[in-house]
Amino acid sequence: MDNLDTIVFYFLAALALVGAMGILVSRNIVRTAMWLLATLVAAAGLYFLLGAAFVGAIQLIVYAGGTLVLIIFGVMLTAKNPNVSYTPRTAEIVLGVVLCVLLAGALIFVLHGTAWPNNVKSVEEVKRMSQAQRDLVGPNNPDATESTGRRFLGDYLVPFEVLSLVLLAVLIGAAYLGRPKVPVIGAPRGVNPPPGQEGPRK
Amino acid sequence: MTALDLQALLPLVLTTATAIAVMIAVTITRRHGLAAWLCAAGLAAAIASIASARECAPRHISDLLVIDSFARFYSGLILAGSLVVAVLSYGYLKLRTDRHEEYYILLPLAAVGSLVIVCSANLLAFLLGLELLSICLFALIAYRRTGRGDLEAAVKYLILAGASSAFAVFGAALIYADRGSLAFGPPGLALSSPVALAGIAALLVGVGFKLALVPFHFWTPDVYQGAPAPIAGFIATVSKGAVFALALRYLSTENLLADGRIIWLLTAIAAASMLAGNLLALRQDNVKRMLAYSSIAHVGYLLIALLASASLGRPAAAIYLTAYFLASLGAFGVVGALSQPTRDADALADYRGLAWRRPFLAFTLTAMLLSLAGLPLTAGFVGKLSLVFSGVSSALWLLLSALVLGSVISIFYYLRLLAALFATPPASEPAISSPNTPWPTTAALLFLTVALLAIGLWPAPLLDLIQKMAVAAW
Amino acid sequence: MLLTWIIVLPAIGGVLTLLMPSDRSVRWTGFLFAVATFVLSLWLFPAFQGADAFGTRYGEGIHFVEHHEWIPAFNANYYVGVDGLSFPLVILTTFISAVSALAAFSITKAVKGFFALFLLLETGMLGVFLSLDLFLFYIFWELMLLPMYFLIGIWGGPRKEYAAIKFFLYTLAGSVLMLIALLGFYFLSKNATGVGTFDLIELATNAKIHTKFNQAMVLGFKFAPLAFTFLFIGFAIKLPAVPFHTWLPDAHVEAPTPISMILAGVLLKMGGYGLMRISYPILPETAATTTAIAVLAIIGLVSIVYGAAVAMAQTDFKKLVAYSSVSHMGWVLLGLAVTPAIFAKDQNIAGFSGAMFQMISHGLASAMMFFLVGVLYERAHHRDINRFGGIALVMPVYFGLAMLGFFAGMGLPGLSGFVGEIYVLIATFAYNQTWAAIAAVGMILTAGYILWTMQRVYLGPKPEDTHHLSPVTAREVIVLASLGVFTIVLGVYPKLATMFYDGTLTNIAKVWPVK
C-alpha cells in the first residue's frame with residue numbers, strides 16, 4: 001500500500017507541475033484554462049490521498065468546477081474571438097519571474113524552518129474526541145465530510161440556500177451584462193436614437 | 001426545521017420563490033409584463049405573509065437567523081420598498097433596454113439579501129446577505145448598459161463594495177478570533193479586548209459604506225447618477241434601511257454604546273454626515289446627485305435614533321425610515337417617470353415649469369421634497385420630530401444642533417428644486433419632452449403621496465404599529 | 001363641531017374648486033365658500049354675549065371647545081376653542097378672506113390653483129387662531145406657509161420667485177425657533193408634571209409648570225428668557241418688526257392684490273396673536289421684566305418711526321403701503337410691551353386693548369389700501385407715485401373710497417386707526433413719556449406721508465391720457481365699501497370691538513405677577 005501511495009503521489013505531483021508549466025507556455029486562453037484544470041484536479045487528488053476527502057471535494061467543486069467554468073464563461077461571453085491569445089511583454093515576464101522566485105524562496109524557507117509536530121492521530125484517539133475537535137482534526141476523521149454535509153442540509157440549510165442564491169445572482173448578472181450589445185429594439189416609436197448619434201456597438 | 005420555522009421564514013421563502021418563478025417564466029416566454037407582474041405579485045405575497053405571521057414569537061433559525069417582530073417590521077418595509085421599486089421599474093424599463101426580464105430576477109434576489117441582513121443574528125448571516133445584496137446591485141446599476149455613466153457607476157460600486165465587504169469580513173474574523181463565535185452578543189464582551197474593538201471598527205467601515213456615511217460616502221453621487229432612477233431609489237432606501245436595522249440590532253445586542261469611544265465616533269460620523277451631506281447638496285445642479293447628498297444627511301439624522309435610548313430611539317428610527325422610504329422612492333420615481341429613453345431627467349433645467357406641463361408629477365415631487373425637508377403635514381415631519389424627541393430624551397445636544405442646522409440648510413436646495421417646478425415655463429419648446437407616465441407608475445406614486453400625507457396628518461396608527469413591532473426586545 | 005366646520009369648510013371649498021369646469025364657476029365657488037365660512041363664523045357671536053362670557057381667569061370663557069386625541073405618542077391633541085382673544089381675529093379672517101376672494105376675481109392665470117390654494121390658506125389661518133394646542137398651532141402655522149409661498153411665487157409680479165423664497169425662508173427661520181421653544185415647553189412640562197403637554201391653557205395656568213419654566217436652565221441659559229427670545233423672533237418676523245421686516249416689502253410688492261390683502265390683513269396679525277396667546281400667558285414673568293419691556297417697546301418704536309420714514313421715501317405706491325404696515329404693526333408691539341408694567345400699576349390693560357384694536361383696524365385699513373393700489377395698477381399698469389396725479393377728477397367714486405381707506409390708515413379721529421393708536425399712546429404715556437413722544441412723532445410722519453401721497457396721486461391737474469382710467473366697477477366698490485364701513489363703525493363706536501375681547505385680555509393680564 002505504502003508503495004502504491006508513493007507512486008500515486010508522484011504521479012499527481014508531476015501532473016500538477018506539468019499543468020502549471022502548461023499554463024505558462026500556452027498562448028491560447030482556452031488552452032490555458034485546460035492546463036489549469038489539470039493542475040487543480042491533481043491538487044484535489046493530493047488532498048484525497050492525504051485523507052482530506054472534504055477539502056478534496058471542495059477543491060474539485062469550487063476551483064475545478066466553479067472558478068474554471070467561470071473563466072471559460074467569461075472568455076466565451078466577453079471575448080470577440082474565443083481563440084484569443086495573450087502575449088506578455090518582456091517587463092511582465094521579468095516581473096513575473098522575480099515574483100515567482102521570491103515566492104518559491106519564501107515557501108521553501110518556511111517549509112524548511114518549521115518544526116513539524118508529529119500529531120497524526122490514530123482512529124481510536126479520534127473516536128474519543130468531541131465533535132468540534134473532530135472537525136478540526138479533519139484528515140483522519142472519517143465523519144468530517146458526512147457531518148459537514150449533514151449540517152449544510154440540516155441546521156444551516158437556510159444560509160446554504162442563500163449562498164446558492166448568491167451564485168444565481170452572479171450567474172444571471174454576468175450573463176445579462178456579458179451579452180453582446182444590440183441596439184434598443186422593441187422600444188416604442190421615436191425613442192430609438194437616430195443612427196450614428198448613439199453608438200452602443202463597440 | 002419545523003413548520004413554525006417555515007412559517008417564520010415565509011417572507012424569505014416567498015421572495016426567493018419569486019425570483020425563481022420569474023426565472024422559469026423567462027425560460028418559457030420573454031414578456032416584460034409577465035415578469036414584472038410575477039415579481040410584483042410575489043413580493044406582495046411576501047408582504048402578506050408577514051402580516052399573517054405577525055403573532056408568532058421570536059424564532060431562531062439555527063443560530064444564524066432570528067425572526068422577531070423587529071425583523072418582521074423591517075422585512076415589511078424592505079419588501080414594500082422593493083415592490084414599489086418593481087412597479088416603478090416597469091414603466092422605466094419599458095422604454096429602455098431590449099431585455100427587461102433579468103431585472104425582475106435580480107430585484108427580488110436583492111430583496112432576499114436585505115431580508116437576510118435584517119434577520120441576521122450572526123455576523124456570518126450578515127455578510128452573506130451583504131454579498132447577495134451587493135452582487136445584485138452591481139448588475140442592476142449597470143442594467144441599461146448604455147455606457148454613459150452607468151458602467152462607471154457599477155464598477156465604482158463593485159470596487160468600493162468589494163473593499164468594504166473585505167473590511168467587514170476582516171472585522172468579523174477579528175471578532176471571531178477574539179471570542180470564537182460570530183453570534184451577536186452577549187453584551188459587553190466585545191469591548192473588553194482590543195482585537196474585538198478593532199474588529200468592530202472594521203465592521204463599521206463596511207456598514208458605513210453601505211449607509212454612505214461621511215467618510216465612506218464618496219461613491220454615492222456617482223452611483224446615484226449612473227444607476228437607473230428606480231435602482232437609485234432602491235439603493236437609497238432598501239439597501240440602507242436593511243443595513244441600518246442591522247446596525248441598530250447589533251449595537252444594542254452587543255451594548256456597544258456603553259463605550260464612550262464608540263459614542264464619540266458615531267457622534268462625529270453623524271454630525272459630519274448631516275453637515276457635509278447638506279452642504280454638498282447645496283451646490284448640485286443635478287437632481288440625482290442632490291438627492292444622493294441629501295440621503296447622506298438623512299442617514300446622519302438617523303444615527304440620532306441609534307445613539308438615543310432604545311425606548312425612544314427604536315420607534316424614532318422606524319418612523320423616520322418609513323417616512324424616508326416613502327419620500328425617497330417617490331422622488332426617484334418622479335425622476336424615473338420624467339426620464340427620456342436616452343438619459344435620465346436629472347438636470348435642474350428638466351424640472352423648470354414642470355407644474356404647468358405635468359401637474360401630477362410636480363405635485364408628487366413637491367410632497368416628497370417637503371417630506372424630505374421635514375415640513376409639517378408630511379411623514380417626514382413626524383419622523384424628524386420623533387428623532388428630536390429621542391435625541392432630547394438622551395440629551396444629544398450636539399447632534400440636535402447639527403440636525404437643526406442641517407435641516408435649515410437642506411431647505412435651500414429643496415426649495416431651489418421646488419421653485420423650479422413652479423417657475424414660469426420657458427417660452428421656447430421645453431428642453432425635455434418626457435414620455436407619458438404609464439399607469440403602474442402613476443398608481444405607485446399616488447400610493448406614496450397618499451401614504452406620505454396620511455402619516456403626516458394622522459400618524460397614530462403607524463406609531464402604534466411601530467410601538468408594537470419595532471420596539472420589542474430581542 | 002362648529003369650529004371644525006369653520007376650519008375645514010374653506011379646505012372643502014378648495015377641493016371643490018379643483019373640480020369645477022370653468023374659470024367662472026371656480027371663482028364663484030371659491031367666493032361662495034369664503035362667504036359661507038364668514039357666515040358660519042357669525043354663529044360664534046351669541047357665545048360672547050352676557051356678563052360671564054369671559055370667565056374670571058385665563059382658561060375660562062373658552063367656547064365651542066373640541067378636544068380629541070391626535071398623536072398620543074407626543075400627547076398632541078386636536079384641541080380647538082374660541083375665546084375673546086381669538087374671536088375678533090377669527091371674524092376678521094373670515095371677513096377679509098371673503099372680501100379678498102371677491103377681489104381675486106381679476107386673477108386670470110391658473111384660476112383653479114389660485115382659489116384652491118387661497119382657500120387652503122384660509123383653513124391654515126383659521127386653524128392658527130382656533131388651536132389651543134401648541135402642536136396643532138404649529139401645524140396650522142406651517143400650513144399657511146406653503147400656499148402663501150405658491151400664491152406669491154406663481155401669481156406674483158416680475159420678481160415673484162425671489163420674493164416667495166425670501167418670504168419662505170424668513171418665515172421658516174421663525175418657525176424653527178418657535179419649534180425649539182415649543183419642544184422646550186413640552187420637555188420641561190414633562191419634567192415638572194411627568195406628562196409633557198402642548199396644551200396652551202395648561203401651560204399657562206399650571207403652577208408647577210410655571211415654576212419649572214422660571215427655574216430651569218438649558219445649556220447654561222435660563223430657560224424662560226431664552227424661550228421668550230426665540231418665540232419673539234419667530235413672531236417678530238411675522239409681525240414684522242424692524243430688524244426682521246425685510247421680507248415684507250418684497251413679498252407685498254410682488255404678491256397679487258388679493259394676496260397682499262390677506263398678507264397685510266390677516267397674516268401679519270399672527271405675530272401679535274402669537275405673542276398674546278403664547279409668550280405673554282406662558283412666560284409672564286419674563287414679559288414683565290424691564291428688559292423685555294424696554295427691548296420690545298424700543299423695537300416697536302423703531303418700527304413705527306422707521307416704517308413711516310421709509311414709507312415717505314418710496315415712489316412705488318405698493319411699497320409705500322407695505323412700509324406703512326411695518327409702521328402700524330409697531331404700534332401693536334409697543335402696546336403689548338408696556339402693558340405688564342402699567343397693569344401692575346393700576347390694573348389697566350389699555351396697551352393690550354389698543355394693540356388688539358390696532359390689529360383689527362389695520363387688518364381692515366391695510367386690506368383696503370392694498371386693494372386701492374391694486375385698482376389703480378390694473379388700470380395704469382404702473383405704481384409710480386410721481387407719474388400719477390389728478391385721479392380724483394377722473395375716478396371720483398374711487399377717490400372717495402380712497403380717502404376713507406387712507407384716512408383710516410392715517411388714524412384720523414372718527415376712523416378705526418385712531419382708536420388703536422390713541423389707546424397705545426395713553427398706555428405708553430403712563431409708563432414712559434419719552435417713548436410716547438417718539439410714538440407721537442411716528443403719528444405725525446404717518447400723516448405726512450399719507451397726505452403727501454394722496455396729494456401726488458389723487459389731486460392736481462387732470463392727467464392728459466385718461467382713456468385707461470375707467471371708473472371703478474361694482475365689484476370693486478363692494479370690496480372697498482364693505483371694508484370702509486367697518487373702519488367708520490369701529491372708529492365711531494370702538495366698544496363694538498373691545499366688548500368682545502377685553503374680558504379675556506384682562507384674564508391674561510391677571511396671570512402676570514403683581515409687584
# chains A, B, ... in the order shown; residues from 1 in each chain; ligands from 1
>>> closest_atom_pairs(of="chain B", to="chain A", cutoff="10 Å", atoms="only C-alpha atoms", output="Markdown table")
| residue | atom | partner | partner_atom | distance |
| --- | --- | --- | --- | --- |
| B:Met1 | CA | A:Asp155 | CA | 7.5 |
| B:Leu9 | CA | A:Val158 | CA | 9.1 |
| B:Leu12 | CA | A:Val158 | CA | 9.5 |
| B:Val13 | CA | A:Val158 | CA | 9.4 |
| B:Thr16 | CA | A:Leu165 | CA | 8.2 |
| B:Ala19 | CA | A:Leu165 | CA | 9.5 |
| B:Ile20 | CA | A:Leu168 | CA | 9.7 |
| B:Met23 | CA | A:Ile172 | CA | 9.4 |
| B:Ile61 | CA | A:Asp155 | CA | 7.9 |
| B:Ser62 | CA | A:Asp155 | CA | 5.5 |
| B:Asp63 | CA | A:Asp155 | CA | 8.6 |
| B:Leu64 | CA | A:Pro159 | CA | 7.8 |
| B:Leu65 | CA | A:Pro159 | CA | 8.6 |
| B:Leu93 | CA | A:Ala187 | CA | 9.6 |
| B:Lys94 | CA | A:Ala187 | CA | 7.0 |
| B:Leu95 | CA | A:Ala187 | CA | 5.5 |
| B:Arg96 | CA | A:Ala187 | CA | 6.8 |
| B:Thr97 | CA | A:Val184 | CA | 5.7 |
| B:Asp98 | CA | A:Val184 | CA | 5.5 |
| B:Arg99 | CA | A:Tyr176 | CA | 8.4 |
| B:His100 | CA | A:Tyr176 | CA | 10.0 |
| B:Glu101 | CA | A:Tyr176 | CA | 9.8 |
| B:Glu102 | CA | A:Ile172 | CA | 7.0 |
| B:Tyr103 | CA | A:Gly173 | CA | 8.8 |
| B:Ile105 | CA | A:Ile172 | CA | 8.1 |
| B:Leu106 | CA | A:Ala169 | CA | 6.3 |
| B:Leu107 | CA | A:Ala169 | CA | 9.7 |
| B:Leu109 | CA | A:Ala169 | CA | 7.0 |
| B:Ala110 | CA | A:Ala169 | CA | 8.6 |
| B:Val112 | CA | A:Val162 | CA | 8.2 |
| B:Gly113 | CA | A:Val162 | CA | 8.0 |
| B:Val116 | CA | A:Val162 | CA | 8.4 |
| B:Leu124 | CA | A:Pro159 | CA | 8.9 |
| B:Ala125 | CA | A:Pro159 | CA | 6.9 |
| B:Leu128 | CA | A:Leu163 | CA | 6.9 |
| B:Gly129 | CA | A:Val162 | CA | 7.8 |
| B:Leu130 | CA | A:Val166 | CA | 10.0 |
| B:Glu131 | CA | A:Val166 | CA | 7.2 |
| B:Leu132 | CA | A:Val166 | CA | 5.0 |
| B:Leu133 | CA | A:Val166 | CA | 8.5 |
| B:Ser134 | CA | A:Val166 | CA | 9.5 |
| B:Ile135 | CA | A:Val170 | CA | 6.5 |
| B:Cys136 | CA | A:Ala169 | CA | 5.9 |
| B:Leu137 | CA | A:Gly173 | CA | 9.2 |
| B:Phe138 | CA | A:Gly173 | CA | 7.9 |
| B:Ala139 | CA | A:Gly173 | CA | 5.1 |
| B:Leu140 | CA | A:Gly173 | CA | 7.9 |
| B:Ala142 | CA | A:Leu177 | CA | 7.6 |
| B:Tyr143 | CA | A:Leu177 | CA | 7.3 |
| B:Arg144 | CA | A:Leu177 | CA | 9.2 |
| B:Arg145 | CA | A:Leu177 | CA | 7.4 |
| B:Thr146 | CA | A:Pro200 | CA | 6.6 |
| B:Gly147 | CA | A:Pro200 | CA | 7.6 |
| B:Arg148 | CA | A:Pro200 | CA | 9.9 |
| B:Leu151 | CA | A:Leu177 | CA | 9.9 |
| B:Gln340 | CA | A:Val191 | CA | 8.1 |
| B:Pro341 | CA | A:Val191 | CA | 6.1 |
| B:Thr342 | CA | A:Pro193 | CA | 7.5 |
| B:Pro435 | CA | A:Val191 | CA | 9.3 |
>>> atom_distance(atom1="CA of Pro72 in chain C", atom2="CA of Ser386 in chain B")
12.4 Å
>>> residues_around(residues="range 153-164 of chain C", least_positions_apart="2", cutoff="8 Å", atoms="only C-alpha atoms", output="list in words")
Ala419, Phe422, Ala423 and Thr424 of chain B; Lys109, Phe114, Tyr149, Phe150, Leu151, Lys166, Phe167, Phe168, Trp247, Asp250, Ala251, Val253, Glu254, Ala255 and Pro256 of chain C
>>> closest_atom_pairs(of="chain C", to="chain B", cutoff="10 Å", atoms="only C-alpha atoms", output="JSON lines")
{"residue": "C:Glu69", "atom": "CA", "partner": "B:Ala460", "partner_atom": "CA", "distance": 9.4}
{"residue": "C:Trp70", "atom": "CA", "partner": "B:Ala460", "partner_atom": "CA", "distance": 6.9}
{"residue": "C:Ile71", "atom": "CA", "partner": "B:Ala460", "partner_atom": "CA", "distance": 5.2}
{"residue": "C:Pro72", "atom": "CA", "partner": "B:Ala460", "partner_atom": "CA", "distance": 6.8}
{"residue": "C:Ala73", "atom": "CA", "partner": "B:Leu463", "partner_atom": "CA", "distance": 7.3}
{"residue": "C:Phe74", "atom": "CA", "partner": "B:Ser386", "partner_atom": "CA", "distance": 8.6}
{"residue": "C:Ala110", "atom": "CA", "partner": "B:Trp356", "partner_atom": "CA", "distance": 9.3}
{"residue": "C:Tyr138", "atom": "CA", "partner": "B:Pro376", "partner_atom": "CA", "distance": 8.4}
{"residue": "C:Ile139", "atom": "CA", "partner": "B:Pro376", "partner_atom": "CA", "distance": 5.8}
{"residue": "C:Phe140", "atom": "CA", "partner": "B:Pro376", "partner_atom": "CA", "distance": 8.6}
{"residue": "C:Trp141", "atom": "CA", "partner": "B:Pro376", "partner_atom": "CA", "distance": 9.3}
{"residue": "C:Glu142", "atom": "CA", "partner": "B:Pro376", "partner_atom": "CA", "distance": 6.4}
{"residue": "C:Leu143", "atom": "CA", "partner": "B:Pro376", "partner_atom": "CA", "distance": 7.3}
{"residue": "C:Leu145", "atom": "CA", "partner": "B:Leu375", "partner_atom": "CA", "distance": 9.9}
{"residue": "C:Leu146", "atom": "CA", "partner": "B:Leu375", "partner_atom": "CA", "distance": 9.6}
{"residue": "C:Tyr149", "atom": "CA", "partner": "B:Ala419", "partner_atom": "CA", "distance": 9.5}
{"residue": "C:Phe150", "atom": "CA", "partner": "B:Phe422", "partner_atom": "CA", "distance": 7.9}
{"residue": "C:Gly153", "atom": "CA", "partner": "B:Phe422", "partner_atom": "CA", "distance": 7.7}
{"residue": "C:Ile154", "atom": "CA", "partner": "B:Phe422", "partner_atom": "CA", "distance": 6.6}
{"residue": "C:Trp155", "atom": "CA", "partner": "B:Thr424", "partner_atom": "CA", "distance": 9.8}
{"residue": "C:Lys160", "atom": "CA", "partner": "B:Ala423", "partner_atom": "CA", "distance": 9.4}
{"residue": "C:Glu161", "atom": "CA", "partner": "B:Ala419", "partner_atom": "CA", "distance": 7.0}
{"residue": "C:Tyr162", "atom": "CA", "partner": "B:Ala419", "partner_atom": "CA", "distance": 9.4}
{"residue": "C:Ala164", "atom": "CA", "partner": "B:Ala419", "partner_atom": "CA", "distance": 8.8}
{"residue": "C:Ile165", "atom": "CA", "partner": "B:Leu415", "partner_atom": "CA", "distance": 7.6}
{"residue": "C:Phe168", "atom": "CA", "partner": "B:Leu415", "partner_atom": "CA", "distance": 9.0}
{"residue": "C:Leu169", "atom": "CA", "partner": "B:Ile411", "partner_atom": "CA", "distance": 8.1}
{"residue": "C:Leu172", "atom": "CA", "partner": "B:Val408", "partner_atom": "CA", "distance": 8.4}
{"residue": "C:Ala173", "atom": "CA", "partner": "B:Val408", "partner_atom": "CA", "distance": 7.7}
{"residue": "C:Val176", "atom": "CA", "partner": "B:Val404", "partner_atom": "CA", "distance": 8.0}
{"residue": "C:Leu177", "atom": "CA", "partner": "B:Val404", "partner_atom": "CA", "distance": 9.7}
{"residue": "C:Leu179", "atom": "CA", "partner": "B:Leu385", "partner_atom": "CA", "distance": 9.9}
{"residue": "C:Ile180", "atom": "CA", "partner": "B:Val404", "partner_atom": "CA", "distance": 9.3}
{"residue": "C:Leu183", "atom": "CA", "partner": "B:Phe389", "partner_atom": "CA", "distance": 8.4}
{"residue": "C:Gly184", "atom": "CA", "partner": "B:Val392", "partner_atom": "CA", "distance": 9.5}
{"residue": "C:Tyr186", "atom": "CA", "partner": "B:Phe389", "partner_atom": "CA", "distance": 9.9}
{"residue": "C:Phe187", "atom": "CA", "partner": "B:Val392", "partner_atom": "CA", "distance": 8.2}
{"residue": "C:Leu219", "atom": "CA", "partner": "B:Trp397", "partner_atom": "CA", "distance": 8.8}
>>> write_last_selection(atoms="N, CA and C atoms", output="compact mmCIF listing (two decimals), in the first residue's frame")
# COMPACT_ATOMS: atom_id res chain seq x y z
N GLU C 69 -58.08 63.11 20.94
CA GLU C 69 -56.72 62.58 20.90
C GLU C 69 -56.24 62.56 19.46
N TRP C 70 -54.98 62.95 19.26
CA TRP C 70 -54.49 63.00 17.87
C TRP C 70 -53.22 62.16 17.73
N ILE C 71 -52.14 62.57 18.37
CA ILE C 71 -50.92 61.76 18.32
C ILE C 71 -50.55 61.45 19.77
N PRO C 72 -51.03 60.33 20.29
CA PRO C 72 -50.79 60.05 21.71
C PRO C 72 -49.31 60.00 22.05
N ALA C 73 -48.50 59.57 21.07
CA ALA C 73 -47.07 59.44 21.36
C ALA C 73 -46.45 60.78 21.80
N PHE C 74 -46.94 61.87 21.28
CA PHE C 74 -46.41 63.18 21.66
C PHE C 74 -47.36 63.92 22.58
N ALA C 110 -54.24 80.45 -14.19
CA ALA C 110 -54.44 79.23 -13.40
C ALA C 110 -55.40 79.46 -12.24
N TYR C 138 -48.77 74.91 15.70
CA TYR C 138 -47.59 74.92 14.86
C TYR C 138 -47.90 74.32 13.49
N ILE C 139 -48.66 73.24 13.49
CA ILE C 139 -49.00 72.59 12.22
C ILE C 139 -49.76 73.57 11.34
N PHE C 140 -50.73 74.26 11.90
CA PHE C 140 -51.50 75.21 11.10
C PHE C 140 -50.63 76.39 10.67
N TRP C 141 -49.75 76.78 11.56
CA TRP C 141 -48.83 77.88 11.26
C TRP C 141 -48.02 77.54 10.01
N GLU C 142 -47.54 76.30 9.96
CA GLU C 142 -46.76 75.87 8.81
C GLU C 142 -47.65 75.66 7.59
N LEU C 143 -48.88 75.28 7.86
CA LEU C 143 -49.82 75.04 6.75
C LEU C 143 -50.04 76.33 5.96
N LEU C 145 -47.80 78.49 5.39
CA LEU C 145 -46.56 78.86 4.72
C LEU C 145 -46.58 78.49 3.24
N LEU C 146 -46.97 77.24 2.96
CA LEU C 146 -46.84 76.77 1.59
C LEU C 146 -47.79 77.42 0.62
N TYR C 149 -46.50 80.71 -0.12
CA TYR C 149 -45.32 80.64 -0.97
C TYR C 149 -45.73 80.51 -2.44
N PHE C 150 -46.66 79.61 -2.70
CA PHE C 150 -47.07 79.40 -4.09
C PHE C 150 -47.87 80.59 -4.61
N GLY C 153 -45.33 83.06 -5.34
CA GLY C 153 -44.34 82.60 -6.31
C GLY C 153 -44.90 82.32 -7.69
N ILE C 154 -46.19 82.05 -7.79
CA ILE C 154 -46.76 81.74 -9.10
C ILE C 154 -47.54 82.91 -9.67
N TRP C 155 -48.32 83.58 -8.80
CA TRP C 155 -49.20 84.62 -9.32
C TRP C 155 -48.63 86.03 -9.10
N LYS C 160 -41.25 87.59 -8.55
CA LYS C 160 -42.04 86.78 -7.63
C LYS C 160 -41.24 85.65 -6.99
N GLU C 161 -40.34 85.02 -7.77
CA GLU C 161 -39.64 83.86 -7.21
C GLU C 161 -38.72 84.29 -6.08
N TYR C 162 -38.04 85.39 -6.31
CA TYR C 162 -37.17 85.92 -5.26
C TYR C 162 -37.99 86.25 -4.02
N ALA C 164 -40.92 85.16 -3.12
CA ALA C 164 -41.54 83.99 -2.48
C ALA C 164 -40.52 83.24 -1.65
N ILE C 165 -39.32 83.07 -2.20
CA ILE C 165 -38.30 82.33 -1.47
C ILE C 165 -37.88 83.10 -0.23
N PHE C 168 -40.51 82.64 2.31
CA PHE C 168 -40.47 81.28 2.83
C PHE C 168 -39.34 81.12 3.84
N LEU C 169 -38.16 81.61 3.48
CA LEU C 169 -37.01 81.38 4.35
C LEU C 169 -37.13 82.17 5.65
N LEU C 172 -39.74 80.47 7.70
CA LEU C 172 -39.29 79.17 8.17
C LEU C 172 -38.27 79.32 9.29
N ALA C 173 -37.38 80.28 9.16
CA ALA C 173 -36.41 80.52 10.23
C ALA C 173 -37.17 80.80 11.52
N VAL C 176 -38.67 77.62 12.90
CA VAL C 176 -37.71 76.71 13.53
C VAL C 176 -37.45 77.15 14.96
N LEU C 177 -37.25 78.46 15.15
CA LEU C 177 -37.04 78.97 16.52
C LEU C 177 -38.26 78.68 17.39
N LEU C 179 -40.35 76.26 16.98
CA LEU C 179 -40.41 74.83 17.26
C LEU C 179 -39.48 74.47 18.41
N ILE C 180 -38.33 75.12 18.45
CA ILE C 180 -37.39 74.82 19.53
C ILE C 180 -38.02 75.22 20.88
N LEU C 183 -40.72 72.74 21.81
CA LEU C 183 -40.22 71.48 22.36
C LEU C 183 -39.69 71.70 23.77
N GLY C 184 -39.12 72.86 23.99
CA GLY C 184 -38.67 73.19 25.34
C GLY C 184 -39.84 73.16 26.32
N TYR C 186 -42.55 71.49 25.99
CA TYR C 186 -43.01 70.11 26.14
C TYR C 186 -42.14 69.35 27.13
N PHE C 187 -40.82 69.44 26.92
CA PHE C 187 -39.96 68.60 27.76
C PHE C 187 -39.87 69.12 29.18
N LEU C 219 -28.60 74.33 28.84
CA LEU C 219 -27.26 74.59 28.30
C LEU C 219 -26.66 75.87 28.88
>>> atom_distance(atom1="CA of Val87 in chain B", atom2="CA of Tyr293 in chain B")
25.0 Å
>>> residues_around(residues="Cys119 in chain B", least_positions_apart="5", cutoff="8 Å", atoms="only C-alpha atoms", output="number ranges by chain")
B: 65-68, 71, 246
>>> atom_distance(atom1="CA of Phe115 in chain C", atom2="CA of Trp28 in chain C")
9.8 Å
